[in-house]
Amino acid sequence: MSTVRDWAAPNPVTENRSGLIGKPVDRYEGRLKVTGTAPYAYEVETPAPPLFGHIVSSTLARGRIASVDISAAEAAPGVVRVWTHLNVPAQAARGTRLNPRSQRASNPALESDRVEHYGQSVAFVLADTPENARAAGGLVRITYEAEPADLDFLSSLDQAGPAPGEEDARIGDFEAGYSASEVTVDATWFSPLQNHAQMEPCATTAWWEGDKVVVHTSIQMVKGGQHALAETLGVPSDRVRLFTRYIGGGFGGKGQSYDDLTLAALGARETGRPVRVAYTRQQMFQATIHRPAVQMRVRLGADQSGRLNAMALEAVTHCARNAPFVEHAANFARNLYAAPNRLTGHRLVRLDIPHAGAMRAPGEAPGMLSLECAMDELAETLGLDPIELRIRNEPEVDPDNAKPFSVRQLVRCMQEGAQQFGWERRNPVPGAVREGRWYVGMGMATAIRGNFLLPAKAGLRLTGDGVATLTQGMTDIGTGTYTILAQITGETLGLTLDQVRVELGDSDMPPAPGSGGQFGAATAGSAAYETGMVMRRRLAELAAGDPRSPLYGEDPTLMDFANGNIVLGNRSESLAALAARAGPEGVYVEGGISPAADARDWSQHTYGAQFAEVGVDSVTGEVRLRRMFGVFAAGRILNAKLAKSQITGGMIWGVGAALTESNPVDPRYGSFLHQDLGGYLAPVHADIVNLDAVLLDEADDKANPMGIKGVGELGICGAGAAIANAVYNACGVRLRDYPLTPDKVLAALEAKGL
Amino acid sequence: MLTTIRVNGVDHDVDVDPRTSLLDLLREGLDLKGTKKGCDHGQCGACTVLVNGVRINACLSLAVMHDGDAVLTVEGLASGELLHPVQQAFLTEDAFQCGYCTPGQICSAVGLLAEVAAGQPSEATADLDGPVTLTDAEIRERMSGNICRCSAYPQILAAVRRAAGAAA
């Protein structure tokens with residue numbers, strides 16, 4: 001097992017001699033996407049004309065299916081199959097594993113008469129056209145026996161219990177430290193239930209080749225999807241070939257498979273024809289996961305100089321009754337500010353609503369909406385600038401575990417951000433800046449998000465045309481995986497980008513964990529780098545051992561790679577010639593990365609500082625973003641253009657969280673109030689003005705051999721808090737109930753007599 | 001119902017189910033899957049196409065209503081290997097991530113530039129009688145029917161600006 005010291009030596013990526021690392025090259029698959037020719041899961045060509053599936057969803061929150069009548073649906077034009085729990089083909093029991101090494105367990109569809117949430121699949125229709133399938137779906141008659149259901153989070157808070165397997169994290173004596181503090185803040189924030197709202201609904205195209213099923217599905221984790229389907233079908237995983245080459249947005253919501261995958265595979269098996277199944281937009285809201293609501297109580301105790309003596313963040317959140325999930329909204333607070341007395345923890349309420357799950361920056365995204373506003377309140381109470389307060393509480397080592405930081409440029413992010421944003425122009429007196437009917441204000445917040453490296457592999461083939469093809473069971477959910485893997489492979493082997501191909505999203509390829517948790521680039525990229533290094537050694541040995549090579553007999557460890565050649569002194573040979581001599585298949589190697597044995601000896605995070613300027617309409621209470629700027633530190637950046645797109649995209653998610661996004665549960669049915677994109681308000685073009693970000697120079701040599709970290713989730717962290725703080729600075733109203741919609745703002749303004 | 005529809009310059013005589021949307025005719029009937037289905041409710045803009053030069057949501061329109069119409073989809077924009085200026089600008093500015101809303105954004109931007117050139121005002125236009133100036137506010141307003149959940153909005157704005165400059 002390697003240690004981080006092994007990673008510190010210079011290598012082709014850190015030396016970056018041809019300059020591919022960091023270069024803002026266009027997206028590898030961009031041409032396919034702008035011409036509409038990138039085939040997403042629903043769109044792949046099938047070997048025969050497909051059938052079309054339509055899923056019928058439950059219309060109550062909890063109960064059992066009392067009666068089923070599919071006769072009208074079966075008699076409808078073009079219908080081939082109608083399934084309910086009474087006649088769906090056999091599947092493995094929920095939660096079982098045929099192969100104990102499967103990453104996921106069986107996840108059957110239409111498994112019983114039990115209904116556990118609104119929008120659960122209760123029937124499935126296969127027909128010759130999408131229109132016929134959908135029309136027949138409307139003819140399926142189901143009656144239910146309803147049972148009492150717990151649907152309302154806030155009125156169920158007294159039922160909150162400990163998060164499974166967790167205890168509160170306590171350091172020092174919070175209660176004593178807090179009560180002894182000269183200045184305190186004690187307030188409670190609420191972050192509502194939110195939806196991923198990926199633009200591409202979940203979809204699967206499936207067909208069988210003998211006893212093996214081929215599925216193209218929209219999922220972030222290749223192995224997870226393959227294993228879940230294999231276990232559900234009760235077959236070894238090598239009988240499932242899963243592709244996921246282009247994914248129309250994931251954000252955590254496609255970290256798992258759904259019933260479209262299972263029912264497409266079953267439908268194709270039972271009919272002998274290819275099957276396409278897509279979720280409707282409404283089913284995307286009800287039948288996939290969501291970010292649960294979180295109530296967060298923050299208590300801060302400080303001395304008059306602003307040094308924190310006590311800090312607590314206690315979060316209460318919810319999940320589905322039989323699908324445990326914890327939104328870890330308090331975890332980030334363990335590593336952010338110094339304070340000798342600390343308390344963080346989570347409580348969980350079980351509800352009869354759809355499943356809660358991971359959504360972009362799970363934990364930090366709602367969590368930072370509380371603590372980062374509490375810090376703003378404390379700064380005001382102390383008469384300190386919010387940045388100065390944070391600098392006074394900057395820890396020297398991780399306050400949670402006393403580990404040294406691998407690298408931490410949080411203060412620099414705040415200071416450079418303040419300078420570039422023009423923070424000195426902020427009037428600290430709330431409500432002091434008025435432009436016509438608009439109150440204008442500025443706010444800031446910090447960002448922190450953990451960094452992870454997981455085990456991953458990759459394959460690399462060099463062929464006689466001089467092209468290197470990287471293959472990996474990895475995904476690109478819009479994050480830029482194709483592009484950065486091409487850049488890493490090109491730099492490692494001394495090739496240009498047009499000499500590199502990248503193929504992803506195939507369960508037959510060497511496995512990688514997929515896209516999630518901001519670990520994708522570091523994990524998949526490090527595996528690509530290590531595989532490139534294996535290829536270098538293989539090629540050098542081939543050259544040294546081949547009398548036909550100009551490098552014959554030389555020391556392979558001294559050979560270098562540049563401009564498509566393997567080089568030693570003034571002698572060189574093209575990689576194309578070497579690969580051609582190796583045979584028609586060229587040269588193929590595999591490699592991989594594992595976390596270093598001592599990786600956990602350092603505290604590893606990405607950091608940032610968020611700045612926002614807003615206008616608050618004194619007449620309507622509407623909050624309009626005027627400017628937003630962020631400075632981030634996230635290790636070495638592989639592609640300046642794509643990384644910035646990730647970061648600013650995350651910041652815009654923060655704008656949505658602060659101002660518009662929320663999905664209340666309908667207490668009558670357990671459904672979500674918003675089941676489409678007209679009701680669920682994700683930001684649109686007109687909401688976003690003058691928003692920019694910069695990434696600091698950084699290399700984290702404890703993170704992985706390339707010193708890179710993730711950027712996919714950092715941008716959302718703290719972004720909404722900066723906006724909420726700007727709203728307070730603009731109009732003097734502290735709103736702790738997100739999103740800060742006009743009705744709430746207006747009521748608060750009126751309550752203040754404004 | 002028998003319908004004649006011209007798509008990307010090619011005439012198609014098709015017998016369509018009267019329930020079939022223009023979007024489903026393009027995707028299922030004509031195998032032009034570049035036009036995306038994001039919501040099927042006219043709320044996301046992923047299915048934006050140009051009908052007789054005007055951008056519409058293909059999911060909100062029945063195929064049978066388009067007898068005799070000329071439809072332009074994302075597949076019809078490039079000239080062989082040469083990308084349409086809007087497509088090239090999206091690529092250069094990295095105006096997309098997952099790419100699923102992109103065909104709709106691009107078709108919408110093509111329609112937008114034509115509307116502005118024709119002097120059609122929008123909610124963001126200050127002077128309803130004069131020529132329309134392509135301000136950032138105009139672009140944001142006119143592109144707001146196309147949601148990008150990856151939130152490439154700053155880059156899309158830059159791409160539309162770049163394409164407008166290339167067209168001028």
# chains A, B, ... in the order shown; residues from 1 in each chain; ligands from 1
>>> residues_around(residues="Asp352 (chain A)", least_positions_apart="3", cutoff="6 Å", atoms="only C-alpha atoms", output="list in words")
His117, Ala149, Asp150, Leu151, Ala320 and Arg321 of chain A
>>> interface_residues(of="chain B", to="chain A", cutoff="7 Å", atoms="only C-alpha atoms", output="JSON, numbers by chain")
{"B": [19, 20, 33, 34, 35, 38, 39, 43, 44, 74, 75, 87, 91, 92, 94, 97, 98, 99, 100, 101, 102, 103, 140, 141, 143, 144, 147, 149, 150, 151, 152, 153, 154]}
>>> atom_distance(atom1="CA of Leu60 (chain A)", atom2="CA of Glu116 (chain A)")
8.5 Å
>>> residues_around(residues="Leu485 (chain A)", least_positions_apart="6", cutoff="8 Å", atoms="only C-alpha atoms", output="list of chain:residue names")
A:Leu470, A:Val502, A:Ala524, A:Gly525, A:Ala528
>>> select_by_dssp(residues="region 21-142 of chain B", states="strand (DSSP E or B)", output="PDB file with N, CA and C atoms, in the first residue's frame")
ATOM      1  N   SER B  21     -47.347  14.045 -30.088  1.00  0.00           N
ATOM      2  CA  SER B  21     -46.814  15.406 -30.097  1.00  0.00           C
ATOM      3  C   SER B  21     -45.780  15.536 -31.209  1.00  0.00           C
ATOM      4  N   THR B  48     -37.154  22.542 -27.579  1.00  0.00           N
ATOM      5  CA  THR B  48     -37.333  23.686 -28.471  1.00  0.00           C
ATOM      6  C   THR B  48     -36.862  23.375 -29.896  1.00  0.00           C
ATOM      7  N   VAL B  49     -37.725  23.632 -30.864  1.00  0.00           N
ATOM      8  CA  VAL B  49     -37.376  23.527 -32.288  1.00  0.00           C
ATOM      9  C   VAL B  49     -37.899  24.778 -32.985  1.00  0.00           C
ATOM     10  N   LEU B  50     -37.486  24.948 -34.224  1.00  0.00           N
ATOM     11  CA  LEU B  50     -37.949  26.096 -34.999  1.00  0.00           C
ATOM     12  C   LEU B  50     -38.969  25.602 -36.025  1.00  0.00           C
ATOM     13  N   VAL B  51     -40.170  26.171 -35.981  1.00  0.00           N
ATOM     14  CA  VAL B  51     -41.213  25.830 -36.959  1.00  0.00           C
ATOM     15  C   VAL B  51     -41.436  27.063 -37.828  1.00  0.00           C
ATOM     16  N   VAL B  54     -39.805  30.009 -36.362  1.00  0.00           N
ATOM     17  CA  VAL B  54     -40.193  30.488 -35.030  1.00  0.00           C
ATOM     18  C   VAL B  54     -39.985  29.366 -34.018  1.00  0.00           C
ATOM     19  N   ARG B  55     -39.387  29.711 -32.864  1.00  0.00           N
ATOM     20  CA  ARG B  55     -39.109  28.655 -31.879  1.00  0.00           C
ATOM     21  C   ARG B  55     -40.376  28.298 -31.102  1.00  0.00           C
ATOM     22  N   ILE B  56     -40.585  27.010 -30.911  1.00  0.00           N
ATOM     23  CA  ILE B  56     -41.711  26.536 -30.099  1.00  0.00           C
ATOM     24  C   ILE B  56     -41.251  25.344 -29.264  1.00  0.00           C
ATOM     25  N   ASN B  57     -42.054  25.017 -28.242  1.00  0.00           N
ATOM     26  CA  ASN B  57     -41.850  23.774 -27.497  1.00  0.00           C
ATOM     27  C   ASN B  57     -42.543  22.653 -28.260  1.00  0.00           C
ATOM     28  N   LEU B  62     -49.224  19.267 -31.259  1.00  0.00           N
ATOM     29  CA  LEU B  62     -49.499  17.959 -31.854  1.00  0.00           C
ATOM     30  C   LEU B  62     -48.918  17.898 -33.264  1.00  0.00           C
ATOM     31  N   ALA B  70     -42.448  23.656 -42.032  1.00  0.00           N
ATOM     32  CA  ALA B  70     -41.012  23.338 -42.117  1.00  0.00           C
ATOM     33  C   ALA B  70     -40.425  23.435 -40.718  1.00  0.00           C
ATOM     34  N   VAL B  71     -39.876  22.312 -40.251  1.00  0.00           N
ATOM     35  CA  VAL B  71     -39.315  22.228 -38.903  1.00  0.00           C
ATOM     36  C   VAL B  71     -37.801  22.143 -39.005  1.00  0.00           C
ATOM     37  N   LEU B  72     -37.126  22.923 -38.155  1.00  0.00           N
ATOM     38  CA  LEU B  72     -35.668  22.845 -38.072  1.00  0.00           C
ATOM     39  C   LEU B  72     -35.308  22.375 -36.670  1.00  0.00           C
ATOM     40  N   SER B  79     -23.641  22.584 -41.101  1.00  0.00           N
ATOM     41  CA  SER B  79     -23.445  22.295 -42.517  1.00  0.00           C
ATOM     42  C   SER B  79     -22.320  21.280 -42.629  1.00  0.00           C
ATOM     43  N   LEU B  82     -19.136  21.636 -40.507  1.00  0.00           N
ATOM     44  CA  LEU B  82     -19.082  23.017 -40.036  1.00  0.00           C
ATOM     45  C   LEU B  82     -20.270  23.291 -39.121  1.00  0.00           C
TER      46      LEU B  82
END
>>> atom_distance(atom1="CA of Pro366 (chain A)", atom2="CA of Ala187 (chain A)")
15.2 Å
>>> select_by_dssp(residues="region 389-490 of chain A", states="alpha helix (DSSP H)", output="ChimeraX atom specification")
/A:389-392,410-421,481-490
>>> write_last_selection(atoms="N, CA, C and O atoms", output="mmCIF file, in the first residue's frame")
data_model
loop_
_atom_site.group_PDB
_atom_site.id
_atom_site.type_symbol
_atom_site.label_atom_id
_atom_site.label_comp_id
_atom_site.auth_asym_id
_atom_site.auth_seq_id
_atom_site.Cartn_x
_atom_site.Cartn_y
_atom_site.Cartn_z
ATOM 1 N N LEU A 389 -14.135 38.147 11.872
ATOM 2 C CA LEU A 389 -14.588 37.162 12.862
ATOM 3 C C LEU A 389 -14.112 35.763 12.481
ATOM 4 O O LEU A 389 -13.637 34.997 13.326
ATOM 5 N N ARG A 390 -14.225 35.455 11.224
ATOM 6 C CA ARG A 390 -13.826 34.109 10.791
ATOM 7 C C ARG A 390 -12.320 33.929 10.886
ATOM 8 O O ARG A 390 -11.839 32.859 11.256
ATOM 9 N N ILE A 391 -11.573 34.974 10.555
ATOM 10 C CA ILE A 391 -10.113 34.872 10.658
ATOM 11 C C ILE A 391 -9.707 34.649 12.121
ATOM 12 O O ILE A 391 -8.792 33.870 12.412
ATOM 13 N N ARG A 392 -10.405 35.283 13.044
ATOM 14 C CA ARG A 392 -10.071 35.113 14.465
ATOM 15 C C ARG A 392 -10.380 33.700 14.956
ATOM 16 O O ARG A 392 -9.937 33.325 16.044
ATOM 17 N N LEU A 410 -8.387 28.827 3.288
ATOM 18 C CA LEU A 410 -9.668 29.482 3.526
ATOM 19 C C LEU A 410 -9.507 30.994 3.724
ATOM 20 O O LEU A 410 -10.257 31.794 3.152
ATOM 21 N N VAL A 411 -8.524 31.383 4.511
ATOM 22 C CA VAL A 411 -8.345 32.821 4.764
ATOM 23 C C VAL A 411 -7.991 33.547 3.470
ATOM 24 O O VAL A 411 -8.503 34.629 3.179
ATOM 25 N N ARG A 412 -7.142 32.927 2.692
ATOM 26 C CA ARG A 412 -6.776 33.564 1.417
ATOM 27 C C ARG A 412 -8.002 33.685 0.502
ATOM 28 O O ARG A 412 -8.171 34.678 -0.207
ATOM 29 N N CYS A 413 -8.863 32.655 0.497
ATOM 30 C CA CYS A 413 -10.094 32.742 -0.296
ATOM 31 C C CYS A 413 -10.911 33.956 0.133
ATOM 32 O O CYS A 413 -11.409 34.718 -0.708
ATOM 33 N N MET A 414 -11.049 34.148 1.449
ATOM 34 C CA MET A 414 -11.856 35.274 1.937
ATOM 35 C C MET A 414 -11.198 36.601 1.570
ATOM 36 O O MET A 414 -11.874 37.534 1.123
ATOM 37 N N GLN A 415 -9.888 36.689 1.753
ATOM 38 C CA GLN A 415 -9.222 37.971 1.528
ATOM 39 C C GLN A 415 -9.178 38.323 0.045
ATOM 40 O O GLN A 415 -9.418 39.472 -0.335
ATOM 41 N N GLU A 416 -8.868 37.365 -0.790
ATOM 42 C CA GLU A 416 -8.845 37.666 -2.230
ATOM 43 C C GLU A 416 -10.256 37.944 -2.740
ATOM 44 O O GLU A 416 -10.463 38.803 -3.599
ATOM 45 N N GLY A 417 -11.213 37.212 -2.199
ATOM 46 C CA GLY A 417 -12.592 37.452 -2.604
ATOM 47 C C GLY A 417 -13.048 38.839 -2.214
ATOM 48 O O GLY A 417 -13.697 39.549 -2.998
ATOM 49 N N ALA A 418 -12.715 39.230 -0.989
ATOM 50 C CA ALA A 418 -13.115 40.560 -0.518
ATOM 51 C C ALA A 418 -12.541 41.639 -1.431
ATOM 52 O O ALA A 418 -13.224 42.605 -1.797
ATOM 53 N N GLN A 419 -11.299 41.458 -1.803
ATOM 54 C CA GLN A 419 -10.645 42.466 -2.644
ATOM 55 C C GLN A 419 -11.295 42.519 -4.024
ATOM 56 O O GLN A 419 -11.639 43.600 -4.515
ATOM 57 N N GLN A 420 -11.494 41.359 -4.640
ATOM 58 C CA GLN A 420 -12.014 41.364 -6.010
ATOM 59 C C GLN A 420 -13.499 41.734 -6.063
ATOM 60 O O GLN A 420 -13.964 42.292 -7.045
ATOM 61 N N PHE A 421 -14.209 41.423 -4.991
ATOM 62 C CA PHE A 421 -15.647 41.716 -4.968
ATOM 63 C C PHE A 421 -15.916 43.174 -4.611
ATOM 64 O O PHE A 421 -16.968 43.724 -4.969
ATOM 65 N N THR A 481 -15.702 14.439 -17.035
ATOM 66 C CA THR A 481 -14.831 13.274 -16.863
ATOM 67 C C THR A 481 -14.126 12.889 -18.159
ATOM 68 O O THR A 481 -12.912 12.642 -18.154
ATOM 69 N N TYR A 482 -14.872 12.822 -19.257
ATOM 70 C CA TYR A 482 -14.229 12.460 -20.536
ATOM 71 C C TYR A 482 -13.029 13.359 -20.796
ATOM 72 O O TYR A 482 -11.949 12.898 -21.181
ATOM 73 N N THR A 483 -13.234 14.647 -20.601
ATOM 74 C CA THR A 483 -12.226 15.629 -20.980
ATOM 75 C C THR A 483 -10.988 15.530 -20.104
ATOM 76 O O THR A 483 -9.853 15.519 -20.599
ATOM 77 N N ILE A 484 -11.193 15.475 -18.784
ATOM 78 C CA ILE A 484 -10.021 15.479 -17.900
ATOM 79 C C ILE A 484 -9.241 14.177 -18.011
ATOM 80 O O ILE A 484 -8.011 14.174 -17.898
ATOM 81 N N LEU A 485 -9.927 13.070 -18.270
ATOM 82 C CA LEU A 485 -9.202 11.803 -18.433
ATOM 83 C C LEU A 485 -8.358 11.851 -19.712
ATOM 84 O O LEU A 485 -7.241 11.313 -19.750
ATOM 85 N N ALA A 486 -8.867 12.504 -20.731
ATOM 86 C CA ALA A 486 -8.069 12.673 -21.957
ATOM 87 C C ALA A 486 -6.845 13.551 -21.670
ATOM 88 O O ALA A 486 -5.738 13.258 -22.118
ATOM 89 N N GLN A 487 -7.038 14.609 -20.905
ATOM 90 C CA GLN A 487 -5.915 15.494 -20.588
ATOM 91 C C GLN A 487 -4.855 14.774 -19.759
ATOM 92 O O GLN A 487 -3.654 14.898 -20.023
ATOM 93 N N ILE A 488 -5.304 14.019 -18.759
ATOM 94 C CA ILE A 488 -4.349 13.286 -17.906
ATOM 95 C C ILE A 488 -3.588 12.256 -18.732
ATOM 96 O O ILE A 488 -2.360 12.136 -18.648
ATOM 97 N N THR A 489 -4.315 11.502 -19.566
ATOM 98 C CA THR A 489 -3.671 10.459 -20.375
ATOM 99 C C THR A 489 -2.706 11.084 -21.373
ATOM 100 O O THR A 489 -1.581 10.588 -21.564
ATOM 101 N N GLY A 490 -3.108 12.169 -21.999
ATOM 102 C CA GLY A 490 -2.226 12.830 -22.954
ATOM 103 C C GLY A 490 -0.960 13.329 -22.290
ATOM 104 O O GLY A 490 0.158 13.119 -22.793
#
>>> residues_around(residues="Val116 (chain B)", least_positions_apart="3", cutoff="8 Å", atoms="only C-alpha atoms", output="ChimeraX atom specification")
/B:112-113,119-121,132-134
>>> write_last_selection(atoms="N, CA and C atoms", output="CSV table (one decimal), in the first residue's frame")
chain,number,residue,atom,x,y,z
B,112,LEU,N,-34.0,33.3,-31.0
B,112,LEU,CA,-33.8,34.6,-30.3
B,112,LEU,C,-33.1,35.6,-31.2
B,113,LEU,N,-32.0,35.2,-31.8
B,113,LEU,CA,-31.3,36.1,-32.7
B,113,LEU,C,-32.1,36.6,-33.9
B,119,GLY,N,-36.6,42.9,-34.9
B,119,GLY,CA,-37.1,44.0,-34.1
B,119,GLY,C,-38.3,43.6,-33.1
B,120,GLN,N,-38.4,42.3,-32.8
B,120,GLN,CA,-39.5,42.0,-31.9
B,120,GLN,C,-39.1,42.3,-30.5
B,121,PRO,N,-39.9,43.1,-29.8
B,121,PRO,CA,-39.5,43.4,-28.4
B,121,PRO,C,-39.9,42.3,-27.4
B,132,VAL,N,-34.4,46.7,-31.6
B,132,VAL,CA,-34.0,46.0,-30.3
B,132,VAL,C,-32.5,45.9,-30.2
B,133,THR,N,-32.0,46.3,-29.1
B,133,THR,CA,-30.6,46.2,-28.8
B,133,THR,C,-30.4,44.9,-28.0
B,134,LEU,N,-29.4,44.1,-28.4
B,134,LEU,CA,-29.2,42.8,-27.8
B,134,LEU,C,-28.4,43.0,-26.5
>>> residues_around(residues="Gly569 (chain A)", least_positions_apart="2", cutoff="12 Å", atoms="only C-alpha atoms", output="list in words")
Pro550, Leu551, Glu554, Asp555, Leu558, Met559, Asp560, Phe561, Ile566, Val567, Arg571, Ser572 and Glu573 of chain A
>>> residues_around(residues="Leu462 (chain A)", least_positions_apart="5", cutoff="10 Å", atoms="only C-alpha atoms", output="list in words")
Val467, Ala468, Thr469, Leu470, Gln499, Val500, Met535, Leu539, Leu575, Ala576, Leu578, Ala579, Ala580, Ala582, Glu585, Gly586, Val587, Tyr588 and Val589 of chain A
>>> write_last_selection(atoms="N, CA and C atoms", output="PDB file, in the first residue's frame")
ATOM      1  N   VAL A 467      -2.761   6.008 -31.344  1.00  0.00           N
ATOM      2  CA  VAL A 467      -3.855   6.507 -30.507  1.00  0.00           C
ATOM      3  C   VAL A 467      -3.919   5.694 -29.216  1.00  0.00           C
ATOM      4  N   ALA A 468      -4.028   6.398 -28.098  1.00  0.00           N
ATOM      5  CA  ALA A 468      -4.217   5.750 -26.801  1.00  0.00           C
ATOM      6  C   ALA A 468      -5.686   5.851 -26.430  1.00  0.00           C
ATOM      7  N   THR A 469      -6.299   4.710 -26.070  1.00  0.00           N
ATOM      8  CA  THR A 469      -7.713   4.694 -25.694  1.00  0.00           C
ATOM      9  C   THR A 469      -7.843   4.290 -24.236  1.00  0.00           C
ATOM     10  N   LEU A 470      -8.349   5.205 -23.427  1.00  0.00           N
ATOM     11  CA  LEU A 470      -8.574   4.928 -22.019  1.00  0.00           C
ATOM     12  C   LEU A 470      -9.983   4.383 -21.853  1.00  0.00           C
ATOM     13  N   GLN A 499      -4.712  12.479 -30.089  1.00  0.00           N
ATOM     14  CA  GLN A 499      -4.180  11.112 -30.076  1.00  0.00           C
ATOM     15  C   GLN A 499      -4.735  10.300 -28.905  1.00  0.00           C
ATOM     16  N   VAL A 500      -5.715  10.846 -28.199  1.00  0.00           N
ATOM     17  CA  VAL A 500      -6.282  10.159 -27.037  1.00  0.00           C
ATOM     18  C   VAL A 500      -7.779   9.992 -27.223  1.00  0.00           C
ATOM     19  N   MET A 535       1.534   2.030 -18.461  1.00  0.00           N
ATOM     20  CA  MET A 535       1.786   1.984 -19.907  1.00  0.00           C
ATOM     21  C   MET A 535       3.197   2.493 -20.219  1.00  0.00           C
ATOM     22  N   LEU A 539       5.873   0.201 -22.210  1.00  0.00           N
ATOM     23  CA  LEU A 539       6.435   0.625 -23.494  1.00  0.00           C
ATOM     24  C   LEU A 539       7.945   0.746 -23.413  1.00  0.00           C
ATOM     25  N   LEU A 575       5.573   6.151 -30.491  1.00  0.00           N
ATOM     26  CA  LEU A 575       4.738   5.175 -29.780  1.00  0.00           C
ATOM     27  C   LEU A 575       3.937   4.347 -30.775  1.00  0.00           C
ATOM     28  N   ALA A 576       3.572   4.961 -31.888  1.00  0.00           N
ATOM     29  CA  ALA A 576       2.812   4.246 -32.919  1.00  0.00           C
ATOM     30  C   ALA A 576       3.603   3.044 -33.424  1.00  0.00           C
ATOM     31  N   LEU A 578       6.078   1.455 -31.929  1.00  0.00           N
ATOM     32  CA  LEU A 578       6.202   0.469 -30.843  1.00  0.00           C
ATOM     33  C   LEU A 578       4.933  -0.366 -30.727  1.00  0.00           C
ATOM     34  N   ALA A 579       3.784   0.313 -30.748  1.00  0.00           N
ATOM     35  CA  ALA A 579       2.509  -0.394 -30.599  1.00  0.00           C
ATOM     36  C   ALA A 579       2.247  -1.287 -31.801  1.00  0.00           C
ATOM     37  N   ALA A 580       2.595  -0.819 -32.990  1.00  0.00           N
ATOM     38  CA  ALA A 580       2.356  -1.603 -34.198  1.00  0.00           C
ATOM     39  C   ALA A 580       3.156  -2.915 -34.162  1.00  0.00           C
ATOM     40  N   ALA A 582       3.965  -4.496 -31.573  1.00  0.00           N
ATOM     41  CA  ALA A 582       3.477  -5.375 -30.507  1.00  0.00           C
ATOM     42  C   ALA A 582       2.347  -6.277 -30.996  1.00  0.00           C
ATOM     43  N   GLU A 585      -3.419  -5.870 -31.913  1.00  0.00           N
ATOM     44  CA  GLU A 585      -4.179  -5.302 -30.802  1.00  0.00           C
ATOM     45  C   GLU A 585      -3.416  -4.185 -30.096  1.00  0.00           C
ATOM     46  N   GLY A 586      -2.175  -3.952 -30.511  1.00  0.00           N
ATOM     47  CA  GLY A 586      -1.376  -2.945 -29.849  1.00  0.00           C
ATOM     48  C   GLY A 586      -0.952  -3.406 -28.458  1.00  0.00           C
ATOM     49  N   VAL A 587      -0.859  -2.466 -27.542  1.00  0.00           N
ATOM     50  CA  VAL A 587      -0.438  -2.763 -26.169  1.00  0.00           C
ATOM     51  C   VAL A 587      -1.570  -2.370 -25.238  1.00  0.00           C
ATOM     52  N   TYR A 588      -1.967  -3.291 -24.343  1.00  0.00           N
ATOM     53  CA  TYR A 588      -3.041  -2.992 -23.391  1.00  0.00           C
ATOM     54  C   TYR A 588      -2.519  -3.202 -21.980  1.00  0.00           C
ATOM     55  N   VAL A 589      -2.785  -2.243 -21.127  1.00  0.00           N
ATOM     56  CA  VAL A 589      -2.427  -2.383 -19.718  1.00  0.00           C
ATOM     57  C   VAL A 589      -3.616  -1.946 -18.865  1.00  0.00           C
TER      58      VAL A 589
END
>>> atom_distance(atom1="CA of Ala63 (chain B)", atom2="CA of Val79 (chain A)")
22.3 Å
>>> residues_around(residues="region 511-521 of chain A", least_positions_apart="3", cutoff="9 Å", atoms="only C-alpha atoms", output="PyMOL selection string")
chain A and resi 219-224+250-252+255+358+360-362+449-458+472-477+479-481+484-485+505-508+524-527+638+708-714
>>> decode(residues="region 140-146 of chain B", atoms="N, CA and C atoms", output="JSON list (two decimals), in the first residue's frame")
[["chain", "number", "residue", "atom", "x", "y", "z"],
["B", 140, "ARG", "N", -31.02, 37.20, -21.37],
["B", 140, "ARG", "CA", -31.49, 36.43, -20.20],
["B", 140, "ARG", "C", -33.01, 36.27, -20.22],
["B", 141, "GLU", "N", -33.69, 37.34, -20.53],
["B", 141, "GLU", "CA", -35.15, 37.28, -20.58],
["B", 141, "GLU", "C", -35.62, 36.29, -21.63],
["B", 142, "ARG", "N", -35.04, 36.41, -22.81],
["B", 142, "ARG", "CA", -35.52, 35.59, -23.93],
["B", 142, "ARG", "C", -35.08, 34.13, -23.84],
["B", 143, "MET", "N", -34.06, 33.86, -23.02],
["B", 143, "MET", "CA", -33.62, 32.47, -22.83],
["B", 143, "MET", "C", -34.23, 31.85, -21.58],
["B", 144, "SER", "N", -35.07, 32.56, -20.88],
["B", 144, "SER", "CA", -35.56, 32.05, -19.60],
["B", 144, "SER", "C", -36.57, 30.92, -19.74],
["B", 145, "GLY", "N", -37.00, 30.61, -20.93],
["B", 145, "GLY", "CA", -37.86, 29.44, -21.12],
["B", 145, "GLY", "C", -37.07, 28.15, -21.27],
["B", 146, "ASN", "N", -35.75, 28.26, -21.19],
["B", 146, "ASN", "CA", -34.89, 27.08, -21.33],
["B", 146, "ASN", "C", -34.11, 26.88, -20.04]]
